[in-house]
Structure formats: C-alpha cells, structure tokens
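For reference, my_file.csv (CSV, C-alpha atoms):
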```
chain,number,residue,atom,x,y,z
A,1,MET,CA,98.8,103.9,125.7
A,2,HIS,CA,100.3,101.4,128.2
A,3,GLU,CA,97.8,98.7,127.3
A,4,LEU,CA,98.3,99.4,123.6
A,5,ILE,CA,102.1,99.1,123.9
A,6,ASN,CA,101.8,95.9,125.8
A,7,TRP,CA,99.4,94.5,123.3
A,8,LEU,CA,101.7,95.4,120.4
A,9,LEU,CA,104.7,93.8,122.2
A,10,SER,CA,102.7,90.6,122.7
A,11,THR,CA,101.4,90.7,119.2
A,12,ILE,CA,104.7,91.3,117.6
A,13,GLY,CA,106.3,88.8,119.9
A,14,ALA,CA,103.8,86.1,119.0
A,15,MET,CA,103.6,86.8,115.3
A,16,GLY,CA,107.3,87.7,114.9
A,17,TYR,CA,108.5,89.4,111.7
A,18,PRO,CA,105.2,88.8,109.8
A,19,GLY,CA,103.5,90.9,112.6
A,20,ILE,CA,105.8,93.8,112.0
A,21,PHE,CA,105.3,93.5,108.2
A,22,MET,CA,101.5,93.4,108.6
A,23,LEU,CA,101.2,96.3,111.1
A,24,MET,CA,103.5,98.5,109.0
A,25,ALA,CA,101.6,97.7,105.8
A,26,MET,CA,98.4,98.8,107.7
A,27,GLU,CA,100.3,101.9,108.9
A,28,SER,CA,101.4,102.8,105.4
A,29,SER,CA,97.9,102.5,103.9
A,30,VAL,CA,94.8,104.4,105.3
A,31,ILE,CA,94.5,102.2,108.4
A,32,PRO,CA,95.6,104.4,111.4
A,33,VAL,CA,98.3,102.2,113.0
A,34,PRO,CA,101.0,104.7,114.2
A,35,SER,CA,104.5,103.5,113.2
A,36,GLU,CA,105.7,105.1,116.5
A,37,LEU,CA,103.9,102.3,118.3
A,38,VAL,CA,105.1,99.5,116.0
A,39,MET,CA,108.8,99.9,115.3
A,40,PRO,CA,110.0,100.9,118.9
A,41,PRO,CA,108.5,97.7,120.4
A,42,ALA,CA,110.2,95.7,117.7
A,43,GLY,CA,113.5,97.4,118.6
A,44,TYR,CA,112.9,96.6,122.3
A,45,LEU,CA,112.4,92.9,121.4
A,46,ALA,CA,115.6,93.1,119.4
A,47,HIS,CA,117.4,94.5,122.5
A,48,GLN,CA,116.0,91.6,124.5
A,49,GLY,CA,117.5,89.1,122.0
A,50,GLU,CA,114.1,87.9,120.8
A,51,MET,CA,114.5,89.5,117.3
A,52,ASN,CA,117.2,90.8,115.0
A,53,ILE,CA,116.9,94.5,114.6
A,54,TRP,CA,118.0,94.6,111.0
A,55,VAL,CA,115.5,92.0,110.0
A,56,SER,CA,112.8,93.9,111.9
A,57,ILE,CA,113.7,97.1,110.0
A,58,LEU,CA,113.6,95.2,106.7
A,59,MET,CA,110.2,93.8,107.5
A,60,GLY,CA,108.9,97.2,108.6
A,61,THR,CA,110.2,98.8,105.4
A,62,LEU,CA,108.8,96.1,103.1
A,63,GLY,CA,105.5,96.3,104.9
A,64,SER,CA,105.4,100.1,104.3
A,65,LEU,CA,106.0,99.5,100.6
A,66,VAL,CA,103.2,97.0,100.4
A,67,GLY,CA,100.8,99.4,102.2
A,68,ALA,CA,101.9,102.2,99.9
A,69,TYR,CA,101.2,100.2,96.9
A,70,ALA,CA,97.7,99.4,98.2
A,71,ASN,CA,97.0,103.2,98.1
A,72,TYR,CA,98.8,103.5,94.8
A,73,PHE,CA,96.7,101.0,92.9
A,74,VAL,CA,93.4,102.2,94.4
A,75,ALA,CA,94.3,105.7,93.4
A,76,HIS,CA,95.5,104.7,90.0
A,77,TYR,CA,92.5,102.7,89.0
A,78,LEU,CA,89.8,104.5,90.8
A,79,GLY,CA,91.1,108.0,91.7
A,80,ARG,CA,91.7,109.5,88.3
A,81,PRO,CA,88.2,108.7,86.9
A,82,LEU,CA,86.5,109.9,90.1
A,83,VAL,CA,88.5,113.1,90.2
A,84,LEU,CA,87.8,113.8,86.5
A,85,LYS,CA,84.1,113.0,86.9
A,86,TYR,CA,83.3,114.7,90.2
A,87,GLY,CA,86.2,117.1,90.8
A,88,ARG,CA,84.3,120.0,89.4
A,89,TYR,CA,81.9,119.9,92.4
A,90,VAL,CA,84.9,120.7,94.7
A,91,TRP,CA,86.5,123.2,92.3
A,92,ILE,CA,89.0,120.7,90.8
A,93,THR,CA,88.8,121.3,87.1
A,94,GLU,CA,90.4,119.1,84.5
A,95,HIS,CA,92.9,121.9,83.8
A,96,LYS,CA,93.9,122.1,87.5
A,97,PHE,CA,94.1,118.3,87.7
A,98,ALA,CA,96.4,118.2,84.7
A,99,LYS,CA,98.7,120.8,86.3
A,100,VAL,CA,99.0,118.8,89.6
A,101,GLU,CA,99.6,115.6,87.6
A,102,LYS,CA,102.3,117.3,85.6
A,103,PHE,CA,103.9,118.6,88.8
A,104,PHE,CA,104.0,115.2,90.3
A,105,LEU,CA,105.4,113.6,87.2
A,106,ARG,CA,108.2,116.1,87.3
A,107,HIS,CA,108.9,116.1,91.0
A,108,GLY,CA,107.4,112.8,92.1
A,109,GLU,CA,110.7,111.4,93.4
A,110,ILE,CA,111.4,114.1,95.9
A,111,SER,CA,107.7,114.3,96.9
A,112,THR,CA,107.5,110.5,97.5
A,113,PHE,CA,110.8,110.4,99.5
A,114,ILE,CA,110.0,113.4,101.7
A,115,GLY,CA,106.3,112.3,102.1
A,116,ARG,CA,107.4,109.0,103.6
A,117,LEU,CA,109.2,110.9,106.4
A,118,LEU,CA,106.4,113.2,107.4
A,119,PRO,CA,103.5,112.4,109.7
A,120,VAL,CA,100.1,112.2,108.1
A,121,VAL,CA,101.6,112.8,104.6
A,122,ARG,CA,103.2,109.3,104.6
A,123,HIS,CA,99.7,107.8,104.6
A,124,LEU,CA,98.6,109.9,101.6
A,125,ILE,CA,101.6,110.5,99.4
A,126,SER,CA,100.9,107.2,97.4
A,127,ILE,CA,97.6,108.6,96.2
A,128,PRO,CA,98.9,111.4,94.0
A,129,ALA,CA,101.7,109.0,92.8
A,130,GLY,CA,99.0,106.4,91.8
A,131,ILE,CA,96.8,109.0,90.1
A,132,ALA,CA,99.8,110.4,88.2
A,133,GLY,CA,100.9,106.8,87.3
A,134,MET,CA,104.4,107.3,88.7
A,135,ASN,CA,107.1,104.9,87.4
A,136,HIS,CA,107.0,101.8,89.5
A,137,LEU,CA,110.8,101.5,89.9
A,138,ARG,CA,111.1,105.1,91.0
A,139,PHE,CA,108.1,104.8,93.3
A,140,SER,CA,109.5,101.7,94.9
A,141,LEU,CA,113.0,103.0,95.4
A,142,TYR,CA,112.0,106.4,96.9
A,143,THR,CA,109.3,104.7,99.1
A,144,LEU,CA,111.8,102.2,100.4
A,145,ALA,CA,114.4,104.9,101.0
A,146,GLY,CA,112.0,107.1,103.0
A,147,ALA,CA,110.3,104.3,104.9
A,148,GLY,CA,113.7,102.6,105.6
A,149,ILE,CA,115.1,105.8,107.2
A,150,TRP,CA,111.9,106.2,109.4
A,151,CYS,CA,111.8,102.5,110.4
A,152,THR,CA,115.5,102.6,111.3
A,153,ILE,CA,115.1,105.7,113.5
A,154,LEU,CA,112.1,104.3,115.4
A,155,ALA,CA,113.6,100.8,115.8
A,156,TRP,CA,116.8,102.2,117.4
A,157,ILE,CA,114.7,104.4,119.7
A,158,GLY,CA,113.0,101.3,121.0
A,159,TYR,CA,116.3,99.4,121.1
A,160,PHE,CA,118.0,102.0,123.4
A,161,ILE,CA,115.1,103.1,125.4
A,162,GLY,CA,113.2,99.9,126.0
A,163,ARG,CA,109.5,99.8,126.8
A,164,GLU,CA,109.3,103.2,128.6
A,165,GLN,CA,106.2,104.6,126.8
A,166,ALA,CA,106.8,108.2,127.8
A,167,LEU,CA,110.4,108.2,126.7
A,168,ILE,CA,109.5,106.5,123.4
A,169,MET,CA,106.9,109.1,122.6
A,170,LYS,CA,109.2,111.9,123.7
A,171,TYR,CA,112.0,110.8,121.4
A,172,SER,CA,109.6,109.8,118.6
A,173,HIS,CA,108.3,113.4,118.6
A,174,GLN,CA,111.9,114.7,118.6
A,175,ALA,CA,112.6,112.4,115.6
A,176,VAL,CA,109.6,113.9,113.8
A,177,ILE,CA,110.9,117.4,114.4
A,178,GLY,CA,114.3,116.3,113.1
A,179,VAL,CA,113.0,114.8,109.9
A,180,VAL,CA,110.7,117.8,109.3
A,181,VAL,CA,113.8,120.1,109.5
A,182,PHE,CA,115.8,117.7,107.3
A,183,SER,CA,113.0,117.6,104.8
A,184,ALA,CA,112.8,121.4,104.7
A,185,VAL,CA,116.5,121.7,104.0
A,186,LEU,CA,116.3,119.0,101.4
A,187,VAL,CA,113.4,120.8,99.6
A,188,ALA,CA,115.3,124.1,99.8
A,189,VAL,CA,118.3,122.5,98.1
A,190,TYR,CA,116.1,120.8,95.6
A,191,VAL,CA,114.3,124.0,94.6
A,192,TRP,CA,117.7,125.9,94.4
A,193,ARG,CA,119.1,123.2,92.0
A,194,GLN,CA,115.9,123.3,89.9
A,195,GLN,CA,116.1,127.0,89.6
A,196,ARG,CA,119.8,126.8,88.6
A,197,GLY,CA,118.9,124.2,86.1
A,198,ASP,CA,116.1,126.3,84.6
A,199,ARG,CA,118.4,129.2,84.3
```

Could you write out this file's structure as structure tokens?
Amino acid sequence: MHELINWLLSTIGAMGYPGIFMLMAMESSVIPVPSELVMPPAGYLAHQGEMNIWVSILMGTLGSLVGAYANYFVAHYLGRPLVLKYGRYVWITEHKFAKVEKFFLRHGEISTFIGRLLPVVRHLISIPAGIAGMNHLRFSLYTLAGAGIWCTILAWIGYFIGREQALIMKYSHQAVIGVVVFSAVLVAVYVWRQQRGDR
C-alpha cells in the first residue's frame, strides 16, 4: 500500500490533472483502480500547493463520467443483444429482462445517483443504464452529482490528513459507511414519496 500510494503521488504529480482524469476514468469503468487511492493523494498535493483542489475534484468527476460512459456504450450496444440471446441459459428470460428494463427506466435517476456513491456498485451501475438506454442528459447529470460528491469527500480527506496511508484508509472507510447510511435514508424517502404518489 505504501509503495502504491507513493507511485500514485509521483504519477499524479508528474501527469498533473490529466493523471487524475485518466485514473478516475479507469476507476469508473471495469478497471480496478480504487478511487480511495487516487483522490486523497490529489488532495494532499493540493495541500502542498502543487495543485488546486477544486480543479482536481473537477478532473476526477469528469474522469468518472467518461469511465461511466465507456461502460454505458458497451452495455448499450453489446449488452442487450447478448442478454436476450444467452440470458435464458442463466434464467434471465425476455420477460424478466423487460421488467428490469422498465424498472430502470422509471427509477434510473435515483439508481444512478446512489450507485455512484456505493463501493463496487459504482463500477457497474452504468451497465443497466446502458442496456435500458437511459436518457443521456439525466445519466450525465446524476453521474456527475454522485461522482462529484464522492470525489470531493476523498479529496478533502487527503487535503486534511496528508499522506498518512493508515489514516486515509480509516477515514475513507468511515466515508463509505456515511454514504451508505445517507443512501439508505435517501432510498427510504424516495420509496415513501413514490408510494404516496401512487396512492
């Protein structure tokens, strides 16, 4: 971990904002680059005066959008035909697929926003959005909102803590717990409002 953090610091320091953009684009796609090891070092470099923290957050957020769109387009053009053709072999019938697609078309905004905040899910949430053909403007806005919040949290952790790996991981895990609780509350409110609307 120590060597990886130092490598990321030197890489981001050498490549600057394009390095943050590229690494966060990789993190947002299927390439396993943890955002917890990208944005805190960027925040640390901002604290050292080598970067601007808000530009770092912007680059991280835009990189996340680009990576999310990579998954979106792959799923949109390849995912649907493959699911419809081979899904029956893993008990995904066309009827079940249509129900999932209908659900995402109706609740895609909240799913995309919350998905960007949650570990593991943030790498995958663009796939159902692409398969369902979610509206590009809505997909972009909710992806940017979720990714922006997460990048901001991690960058400020690095800004205030510095390069202490143990503390970065400790507070990053606490941040994950916090966004999970926030997401659970948001889903509960969303479901309650949906039920009121249906009634």

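Taking atom CA of Met24 of chain A and atom CA of Ile149 of chain A as the two end points, the separation is 13.8 Å.
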
Find the spatial neighbours of Gly108 of chain A, counting only C-alpha atoms, within a cut-off of 10 Å - ignore same-chain residues fewer than 2 positions away - and output them as a list in words.
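Listed by chain and then number, they are Glu101, Lys102, Phe103, Phe104, Leu105, Arg106, Ile110, Ser111, Thr112, Phe113, Ile114, Ile125, Pro128, Ala129, Ala132, Met134, Asn135, Arg138, Phe139 and Tyr142 of chain A.
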
How far is it from atom CA of Ser35 of chain A to atom CA of Gly49 of chain A, in Å with one decimal?
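Computing the Euclidean distance for atom CA of Ser35 of chain A and atom CA of Gly49 of chain A yields 21.3 Å.
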
Within 9 Å of Gly115 of chain A, counting only C-alpha atoms, which residues qualify if same-chain residues fewer than 4 places away don't, as number ranges by chain?
A: 110-111, 119-126, 143, 146, 183

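Here atom CA of Tyr159 of chain A stands at a distance of 21.3 Å from atom CA of Ala25 of chain A.
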
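Proximity of A:Met26, A:Leu45, A:Val189, A:Glu109 to Ala14 of chain A, computed with only C-alpha atoms, is greatest for A:Leu45.
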
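Close contacts of Ala46 of chain A, defined as residues with an atom at most 10 Å away when counting all atoms listed in the file, with chain neighbours fewer than 3 positions off set aside, comprise Pro40, Pro41, Ala42, Gly43, Gly49, Glu50, Met51, Asn52, Ile53, Trp54, Val55, Ser56, Ala155, Trp156, Gly158, Tyr159 and Gly162 of chain A.
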
Let's have the selection written as an mmCIF file, in the frame of the given file, with C-alpha atoms.
```cif
data_model
loop_
_atom_site.group_PDB
_atom_site.id
_atom_site.type_symbol
_atom_site.label_atom_id
_atom_site.label_comp_id
_atom_site.auth_asym_id
_atom_site.auth_seq_id
_atom_site.Cartn_x
_atom_site.Cartn_y
_atom_site.Cartn_z
ATOM 1 C CA PRO A 40 110.000 100.900 118.900
ATOM 2 C CA PRO A 41 108.500 97.700 120.400
ATOM 3 C CA ALA A 42 110.200 95.700 117.700
ATOM 4 C CA GLY A 43 113.500 97.400 118.600
ATOM 5 C CA GLY A 49 117.500 89.100 122.000
ATOM 6 C CA GLU A 50 114.100 87.900 120.800
ATOM 7 C CA MET A 51 114.500 89.500 117.300
ATOM 8 C CA ASN A 52 117.200 90.800 115.000
ATOM 9 C CA ILE A 53 116.900 94.500 114.600
ATOM 10 C CA TRP A 54 118.000 94.600 111.000
ATOM 11 C CA VAL A 55 115.500 92.000 110.000
ATOM 12 C CA SER A 56 112.800 93.900 111.900
ATOM 13 C CA ALA A 155 113.600 100.800 115.800
ATOM 14 C CA TRP A 156 116.800 102.200 117.400
ATOM 15 C CA GLY A 158 113.000 101.300 121.000
ATOM 16 C CA TYR A 159 116.300 99.400 121.100
ATOM 17 C CA GLY A 162 113.200 99.900 126.000
#
```

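Using only C-alpha atoms, the smallest distance between any of A:Gln194, A:Arg116, A:Glu36, A:Ala68 and Ala175 of chain A comes from A:Glu36.
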
Which polymer residues have any atom within 10 Å of an atom of Ile127 of chain A, counting all atoms listed in the file, with same-chain residues fewer than 3 positions away left out, as a VMD selection string?
chain A and resid 29 68 to 76 79 to 80 123 to 124 130 to 133

Restricted to C-alpha atoms, what would the selected residues look like written as a PDB file, in the frame of the given file?
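What landed in selection.pdb:
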```pdb
ATOM      1  CA  SER A  29      97.900 102.500 103.900  1.00  0.00           C
ATOM      2  CA  ALA A  68     101.900 102.200  99.900  1.00  0.00           C
ATOM      3  CA  TYR A  69     101.200 100.200  96.900  1.00  0.00           C
ATOM      4  CA  ALA A  70      97.700  99.400  98.200  1.00  0.00           C
ATOM      5  CA  ASN A  71      97.000 103.200  98.100  1.00  0.00           C
ATOM      6  CA  TYR A  72      98.800 103.500  94.800  1.00  0.00           C
ATOM      7  CA  PHE A  73      96.700 101.000  92.900  1.00  0.00           C
ATOM      8  CA  VAL A  74      93.400 102.200  94.400  1.00  0.00           C
ATOM      9  CA  ALA A  75      94.300 105.700  93.400  1.00  0.00           C
ATOM     10  CA  HIS A  76      95.500 104.700  90.000  1.00  0.00           C
ATOM     11  CA  GLY A  79      91.100 108.000  91.700  1.00  0.00           C
ATOM     12  CA  ARG A  80      91.700 109.500  88.300  1.00  0.00           C
ATOM     13  CA  HIS A 123      99.700 107.800 104.600  1.00  0.00           C
ATOM     14  CA  LEU A 124      98.600 109.900 101.600  1.00  0.00           C
ATOM     15  CA  GLY A 130      99.000 106.400  91.800  1.00  0.00           C
ATOM     16  CA  ILE A 131      96.800 109.000  90.100  1.00  0.00           C
ATOM     17  CA  ALA A 132      99.800 110.400  88.200  1.00  0.00           C
ATOM     18  CA  GLY A 133     100.900 106.800  87.300  1.00  0.00           C
TER      19      GLY A 133
END
```

Since the input lacks some atoms of segment 26-38 of chain A, please model N, CA and C atoms and print them as a PDB file, in the coordinates of the input.
```
ATOM      1  N   MET A  26      99.664  98.092 107.262  1.00  0.00           N
ATOM      2  CA  MET A  26      98.400  98.800 107.700  1.00  0.00           C
ATOM      3  C   MET A  26      98.745 100.271 107.896  1.00  0.00           C
ATOM      4  N   GLU A  27      99.878 100.556 108.567  1.00  0.00           N
ATOM      5  CA  GLU A  27     100.300 101.900 108.900  1.00  0.00           C
ATOM      6  C   GLU A  27     100.492 102.749 107.606  1.00  0.00           C
ATOM      7  N   SER A  28     101.017 102.090 106.584  1.00  0.00           N
ATOM      8  CA  SER A  28     101.400 102.800 105.400  1.00  0.00           C
ATOM      9  C   SER A  28     100.163 103.025 104.456  1.00  0.00           C
ATOM     10  N   SER A  29      99.082 102.303 104.706  1.00  0.00           N
ATOM     11  CA  SER A  29      97.900 102.500 103.900  1.00  0.00           C
ATOM     12  C   SER A  29      96.989 103.518 104.718  1.00  0.00           C
ATOM     13  N   VAL A  30      95.694 103.393 104.615  1.00  0.00           N
ATOM     14  CA  VAL A  30      94.800 104.400 105.300  1.00  0.00           C
ATOM     15  C   VAL A  30      94.380 103.892 106.673  1.00  0.00           C
ATOM     16  N   ILE A  31      94.845 102.718 107.103  1.00  0.00           N
ATOM     17  CA  ILE A  31      94.500 102.200 108.400  1.00  0.00           C
ATOM     18  C   ILE A  31      95.375 102.868 109.464  1.00  0.00           C
ATOM     19  N   PRO A  32      94.802 103.559 110.449  1.00  0.00           N
ATOM     20  CA  PRO A  32      95.600 104.400 111.400  1.00  0.00           C
ATOM     21  C   PRO A  32      96.322 103.576 112.458  1.00  0.00           C
ATOM     22  N   VAL A  33      97.387 102.871 112.062  1.00  0.00           N
ATOM     23  CA  VAL A  33      98.300 102.200 113.000  1.00  0.00           C
ATOM     24  C   VAL A  33      99.547 103.016 113.088  1.00  0.00           C
ATOM     25  N   PRO A  34      99.796 103.779 114.150  1.00  0.00           N
ATOM     26  CA  PRO A  34     101.000 104.700 114.200  1.00  0.00           C
ATOM     27  C   PRO A  34     102.279 103.844 114.164  1.00  0.00           C
ATOM     28  N   SER A  35     103.186 104.213 113.269  1.00  0.00           N
ATOM     29  CA  SER A  35     104.500 103.500 113.200  1.00  0.00           C
ATOM     30  C   SER A  35     105.269 103.728 114.494  1.00  0.00           C
ATOM     31  N   GLU A  36     104.997 104.837 115.194  1.00  0.00           N
ATOM     32  CA  GLU A  36     105.700 105.100 116.500  1.00  0.00           C
ATOM     33  C   GLU A  36     105.326 104.099 117.538  1.00  0.00           C
ATOM     34  N   LEU A  37     104.264 103.313 117.317  1.00  0.00           N
ATOM     35  CA  LEU A  37     103.900 102.300 118.300  1.00  0.00           C
ATOM     36  C   LEU A  37     104.125 100.884 117.756  1.00  0.00           C
ATOM     37  N   VAL A  38     104.788 100.775 116.602  1.00  0.00           N
ATOM     38  CA  VAL A  38     105.100  99.500 116.000  1.00  0.00           C
ATOM     39  C   VAL A  38     106.598  99.193 116.048  1.00  0.00           C
TER      40      VAL A  38
END
```
